[in-house]
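As stored in my_file-v8.cif (mmCIF, C-alpha atoms and all ligand atoms):
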data_query
loop_
_atom_site.label_atom_id
_atom_site.label_comp_id
_atom_site.auth_asym_id
_atom_site.auth_seq_id
_atom_site.Cartn_x
_atom_site.Cartn_y
_atom_site.Cartn_z
CA MET M 802 11.30 11.34 -3.35
CA GLY M 803 14.86 12.20 -2.40
CA GLU M 804 13.61 15.12 -0.35
CA VAL M 805 10.98 13.36 1.76
CA VAL M 806 11.33 11.08 4.76
CA PRO M 807 9.00 8.56 6.44
CA ASN M 808 6.45 10.20 8.73
CA ALA M 809 5.07 9.06 12.08
CA ALA M 810 2.47 6.88 10.33
CA HIS M 811 5.11 4.99 8.31
CA GLU M 812 7.17 4.56 11.49
CA ALA M 813 4.18 3.27 13.47
CA LEU M 814 3.24 0.72 10.79
CA ALA M 815 6.83 -0.50 10.64
CA ARG M 816 6.77 -0.86 14.43
CA LEU M 817 3.55 -2.87 14.18
CA ASP M 818 5.09 -5.04 11.44
CA ALA M 819 8.17 -5.72 13.57
CA THR M 820 6.20 -6.47 16.73
CA TRP M 821 2.87 -8.02 15.75
CA PRO M 822 3.10 -11.82 16.25
CA GLY M 823 0.14 -12.67 14.00
CA GLU M 824 -0.62 -12.19 10.34
CA LEU M 825 -0.20 -8.68 8.97
CA LEU M 826 -0.13 -7.19 5.49
CA ILE M 827 0.50 -3.55 4.67
CA VAL M 828 -1.00 -2.79 1.25
CA THR M 829 0.01 0.57 -0.15
CA GLN M 830 -1.19 2.50 -3.18
CA ASN M 831 1.87 4.72 -2.89
CA VAL M 832 4.73 4.18 -5.32
CA ASP M 833 7.39 5.74 -3.08
CA ASP M 834 9.72 3.73 -0.83
CA LEU M 835 8.85 5.40 2.48
CA HIS M 836 7.42 2.22 4.04
CA GLU M 837 10.65 0.36 3.22
CA ARG M 838 12.76 3.22 4.56
CA ALA M 839 10.75 3.08 7.80
CA GLY M 840 11.54 -0.64 8.00
CA ALA M 841 8.28 -2.34 6.95
CA LYS M 842 8.72 -5.88 5.59
CA ARG M 843 5.24 -7.37 5.18
CA LEU M 844 4.38 -4.94 2.44
CA VAL M 845 2.63 -5.00 -0.94
CA HIS M 846 3.01 -2.16 -3.44
CA MET M 847 -0.23 -2.69 -5.35
CA HIS M 848 0.57 0.18 -7.71
CA GLY M 849 4.23 -0.72 -8.17
CA LYS M 850 7.39 1.16 -7.29
CA LEU M 851 8.76 4.37 -8.71
CA LEU M 852 12.34 3.20 -8.16
CA ARG M 853 11.93 0.22 -10.48
CA GLY M 854 12.00 -0.14 -14.24
CA TRP M 855 10.17 -2.72 -16.35
CA CYS M 856 11.44 -3.72 -19.79
CA LEU M 857 8.66 -4.58 -22.24
CA ALA M 858 11.20 -6.26 -24.55
CA CYS M 859 12.47 -8.91 -22.09
CA ASP M 860 9.89 -8.49 -19.26
CA GLY M 861 12.75 -7.82 -16.84
CA ARG M 862 12.24 -5.70 -13.72
CA PHE M 863 15.13 -3.91 -12.03
CA GLY M 864 16.03 -1.07 -9.72
CA TRP M 865 16.05 2.32 -11.47
CA ALA M 866 16.91 5.48 -9.55
CA ALA M 867 17.95 7.78 -12.43
CA PRO M 868 15.67 9.78 -14.74
CA MET M 869 14.04 7.50 -17.35
CA GLY M 870 13.81 8.89 -20.88
CA GLU M 871 11.98 7.34 -23.81
CA GLU M 872 15.22 5.85 -25.12
CA ALA M 873 16.21 4.30 -21.79
CA VAL M 874 18.33 1.16 -22.25
CA CYS M 875 17.40 -2.05 -20.44
CA PRO M 876 20.22 -3.25 -18.16
CA ALA M 877 19.14 -6.86 -18.72
CA CYS M 878 18.75 -7.14 -22.53
CA ASP M 879 20.24 -3.85 -23.81
CA ALA M 880 17.05 -2.99 -25.73
CA ALA M 881 16.46 0.76 -26.09
CA GLY M 882 13.07 2.41 -25.89
CA ALA M 883 11.28 -0.46 -24.16
CA VAL M 884 11.79 0.50 -20.51
CA ARG M 885 8.92 2.01 -18.53
CA PRO M 886 8.42 2.74 -14.83
CA ASP M 887 7.26 -0.36 -12.94
CA ILE M 888 4.14 1.38 -11.71
CA VAL M 889 0.47 0.71 -12.40
CA TRP M 890 -1.17 3.34 -14.58
CA PHE M 891 -4.90 4.02 -14.88
CA GLY M 892 -6.62 1.14 -16.61
CA GLU M 893 -3.94 -1.40 -15.67
CA MET M 894 -4.43 -4.23 -13.18
CA PRO M 895 -2.85 -3.63 -9.76
CA TYR M 896 -0.17 -6.07 -8.60
CA GLU M 897 -0.57 -9.01 -6.20
CA MET M 898 -4.37 -8.98 -6.25
CA GLU M 899 -4.64 -12.61 -5.13
CA ARG M 900 -2.42 -12.08 -2.12
CA ILE M 901 -4.44 -8.99 -1.15
CA GLU M 902 -7.75 -10.76 -1.66
CA THR M 903 -6.64 -13.67 0.53
CA ALA M 904 -5.65 -11.25 3.29
CA LEU M 905 -8.97 -9.39 3.02
CA ARG M 906 -10.96 -12.60 3.37
CA SER M 907 -9.04 -13.85 6.39
CA CYS M 908 -8.30 -10.70 8.40
CA ASP M 909 -9.84 -9.84 11.79
CA LEU M 910 -9.08 -6.14 11.45
CA PHE M 911 -9.04 -4.04 8.28
CA VAL M 912 -7.72 -0.48 8.52
CA SER M 913 -7.93 2.02 5.66
CA ILE M 914 -5.53 4.95 5.99
CA GLY M 915 -5.67 8.17 4.03
CA THR M 916 -7.57 7.18 0.93
CA SER M 917 -10.56 8.74 -0.82
CA GLY M 918 -12.22 5.37 -1.31
CA ALA M 919 -13.04 6.49 -4.84
CA VAL M 920 -10.82 4.27 -7.01
CA TYR M 921 -11.51 0.57 -7.51
CA PRO M 922 -10.40 -2.09 -6.80
CA ALA M 923 -8.99 -0.64 -3.56
CA ALA M 924 -12.28 1.11 -2.81
CA GLY M 925 -13.97 -2.30 -2.55
CA TYR M 926 -11.50 -3.79 -0.06
CA VAL M 927 -13.47 -2.64 2.98
CA GLN M 928 -16.59 -4.38 1.67
CA THR M 929 -14.78 -7.69 1.16
CA ALA M 930 -13.16 -7.53 4.60
CA LYS M 931 -16.40 -6.57 6.33
CA TYR M 932 -18.48 -9.29 4.66
CA CYS M 933 -15.82 -11.81 5.64
CA GLY M 934 -16.11 -10.81 9.29
CA ALA M 935 -13.42 -8.20 9.90
CA ARG M 936 -13.76 -5.19 12.15
CA THR M 937 -13.21 -2.19 9.89
CA VAL M 938 -11.58 1.11 10.82
CA GLU M 939 -11.07 4.16 8.65
CA ILE M 940 -8.43 6.81 9.35
CA ASN M 941 -8.78 9.83 7.09
CA LEU M 942 -8.90 13.63 7.06
CA ALA M 943 -12.60 13.41 6.16
CA PRO M 944 -15.07 10.51 5.85
CA SER M 945 -14.45 8.69 2.55
CA LEU M 946 -17.09 7.76 -0.01
CA GLY M 947 -17.22 4.30 1.54
CA SER M 948 -17.27 5.40 5.16
CA VAL M 949 -20.66 3.75 5.86
CA MET M 950 -18.87 0.40 5.43
CA PHE M 951 -16.58 1.12 8.37
CA ASP M 952 -17.40 0.13 11.93
CA GLU M 953 -15.31 3.05 13.16
CA VAL M 954 -14.20 6.29 11.48
CA ARG M 955 -11.32 8.23 13.01
CA ILE M 956 -10.97 11.69 11.54
CA GLY M 957 -7.49 13.15 11.75
CA ARG M 958 -3.98 13.15 10.34
CA ALA M 959 -2.41 9.74 9.69
CA GLY M 960 0.72 10.94 11.51
CA VAL M 961 -1.37 11.24 14.69
CA GLU M 962 -4.11 8.62 14.31
CA VAL M 963 -1.96 5.72 13.06
CA PRO M 964 0.53 5.84 15.97
CA ARG M 965 -2.47 6.04 18.32
CA LEU M 966 -4.12 2.96 16.78
CA VAL M 967 -0.84 1.01 16.69
CA GLY M 968 -0.32 1.89 20.35
CA GLU M 969 -3.77 0.46 21.16
CA LEU M 970 -3.04 -2.73 19.20
CA LEU M 971 0.35 -3.32 20.80
CA ALA M 972 -0.62 -2.34 24.37
CA PRO M 973 -1.91 -5.83 25.35
CA LEU M 974 1.25 -7.57 24.07
ZN ZN M 1001 15.07 -5.88 -21.35
#
Could you spell out this file's structure in structure tokens?
Amino acid sequence: MGEVVPNAAHEALARLDATWPGELLIVTQNVDDLHERAGAKRLVHMHGKLLRGWCLACDGRFGWAAPMGEEAVCPACDAAGAVRPDIVWFGEMPYEMERIETALRSCDLFVSIGTSGAVYPAAGYVQTAKYCGARTVEINLAPSLGSVMFDEVRIGRAGVEVPRLVGELLAPL
């Protein structure tokens, strides 16, 4: 993570976040901090953050940038061996599901960017948004498994297609 930087898609979403006067929620499955580094604020990390630790002894969560061994010591309660990365592993419930669900049910536009559409619950988001009346757009390198649920499919790199879409959204403002 120390060797990568936000790309044009992260930058465009941060620009949309900073400029869009209405409701907006960026929901990412990524555990890196590239959206934050690009400047995004209205952001949900549904699979947690790699730069955070979670202590199973005291339930504390805290920034953690160093390597994390099995005997890692919790900075909050000093317990050893109870700290894990604050990320969602397979079989665990993603974070902030209610907030995401509320956004899906109320949004006018749902955009899926760079996902296979193969892993639930995220794979079902387009269905919820569409049934609740949203226009749905997919941006991906190839049509996803759920591409029939999208009103529009834009095939291409996120670094190209996301800035283009954000430009279209912000042009009337
Ligand atoms: Zn602790």
Practice problem: For CA of Val963 in chain M and CA of Ala810 in chain M, quote the distance in Å rounded to one decimal. | Solution: 5.3 Å
Report as JSON lines: every residue of chain M with an atom at most 9 Å from ligand ZN 1001 (chain M), its closest pair of atoms, and their distance in Å to one decimal, counting all atoms listed in the file, with rows sorted by chain and ascending residue number.
{"residue": "M:Trp855", "atom": "CA", "partner": "M:ZN1001", "partner_atom": "ZN", "distance": 7.7}
{"residue": "M:Cys856", "atom": "CA", "partner": "M:ZN1001", "partner_atom": "ZN", "distance": 4.5}
{"residue": "M:Leu857", "atom": "CA", "partner": "M:ZN1001", "partner_atom": "ZN", "distance": 6.6}
{"residue": "M:Ala858", "atom": "CA", "partner": "M:ZN1001", "partner_atom": "ZN", "distance": 5.0}
{"residue": "M:Cys859", "atom": "CA", "partner": "M:ZN1001", "partner_atom": "ZN", "distance": 4.1}
{"residue": "M:Asp860", "atom": "CA", "partner": "M:ZN1001", "partner_atom": "ZN", "distance": 6.2}
{"residue": "M:Gly861", "atom": "CA", "partner": "M:ZN1001", "partner_atom": "ZN", "distance": 5.4}
{"residue": "M:Arg862", "atom": "CA", "partner": "M:ZN1001", "partner_atom": "ZN", "distance": 8.1}
{"residue": "M:Val874", "atom": "CA", "partner": "M:ZN1001", "partner_atom": "ZN", "distance": 7.8}
{"residue": "M:Cys875", "atom": "CA", "partner": "M:ZN1001", "partner_atom": "ZN", "distance": 4.6}
{"residue": "M:Pro876", "atom": "CA", "partner": "M:ZN1001", "partner_atom": "ZN", "distance": 6.6}
{"residue": "M:Ala877", "atom": "CA", "partner": "M:ZN1001", "partner_atom": "ZN", "distance": 4.9}
{"residue": "M:Cys878", "atom": "CA", "partner": "M:ZN1001", "partner_atom": "ZN", "distance": 4.1}
{"residue": "M:Asp879", "atom": "CA", "partner": "M:ZN1001", "partner_atom": "ZN", "distance": 6.1}
{"residue": "M:Ala880", "atom": "CA", "partner": "M:ZN1001", "partner_atom": "ZN", "distance": 5.6}
{"residue": "M:Ala881", "atom": "CA", "partner": "M:ZN1001", "partner_atom": "ZN", "distance": 8.3}
{"residue": "M:Ala883", "atom": "CA", "partner": "M:ZN1001", "partner_atom": "ZN", "distance": 7.2}
{"residue": "M:Val884", "atom": "CA", "partner": "M:ZN1001", "partner_atom": "ZN", "distance": 7.2}
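Near Arg958 in chain M, within a cut-off of 8 Å and counting all atoms listed in the file, sit the residues Ile940, Asn941, Leu942, Val961 and Glu962 of chain M, with same-chain residues fewer than 3 positions away left out.
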Quiz prompt | Surrounding residues of range 826-843 of chain M excluding itself and chain neighbours under 5 positions, 6 Å, all atoms listed in the file, as a ChimeraX atom specification | solution = /M:807,811-812,815,848-851
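Among the candidate residues M:Met950, M:Met802, M:Val845, M:Val912, the one lying nearest to Val967 in chain M is M:Val912, with distances computed using only C-alpha atoms.
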Quiz item: When you draw a straight line from CA of Arg885 in chain M to CA of Arg900 in chain M, how long is it in Å?
Solution: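 Interatomic distance, CA of Arg885 in chain M to CA of Arg900 in chain M: 24.4 Å.
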Practice problem: Find the residue from M:Met847, M:Leu910, M:Leu971, M:Ala813 that sits nearest to Ala923 in chain M; use only C-alpha atoms when measuring. | Solution: M:Met847
Quiz item: Contacts of Pro944 in chain M at 10 Å or less, counting all atoms listed in the file, minus same-chain residues fewer than 6 places along, as a list in words?
Solution: Gly915, Thr916, Ser917, Gly918, Phe951, Val954, Arg955, Ile956 and Gly957 of chain M
Quiz item: What does the distance between CA of Arg906 in chain M and CA of Arg853 in chain M come to in Å, to one decimal place?
Solution: 29.7 Å
Quiz item: So, counting all atoms listed in the file, which residue among M:Ala904, M:Ala873, M:Leu852, M:Leu814 is closest to Asp887 in chain M?
Solution: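 Closest to Asp887 in chain M, using all atoms listed in the file: M:Leu852.
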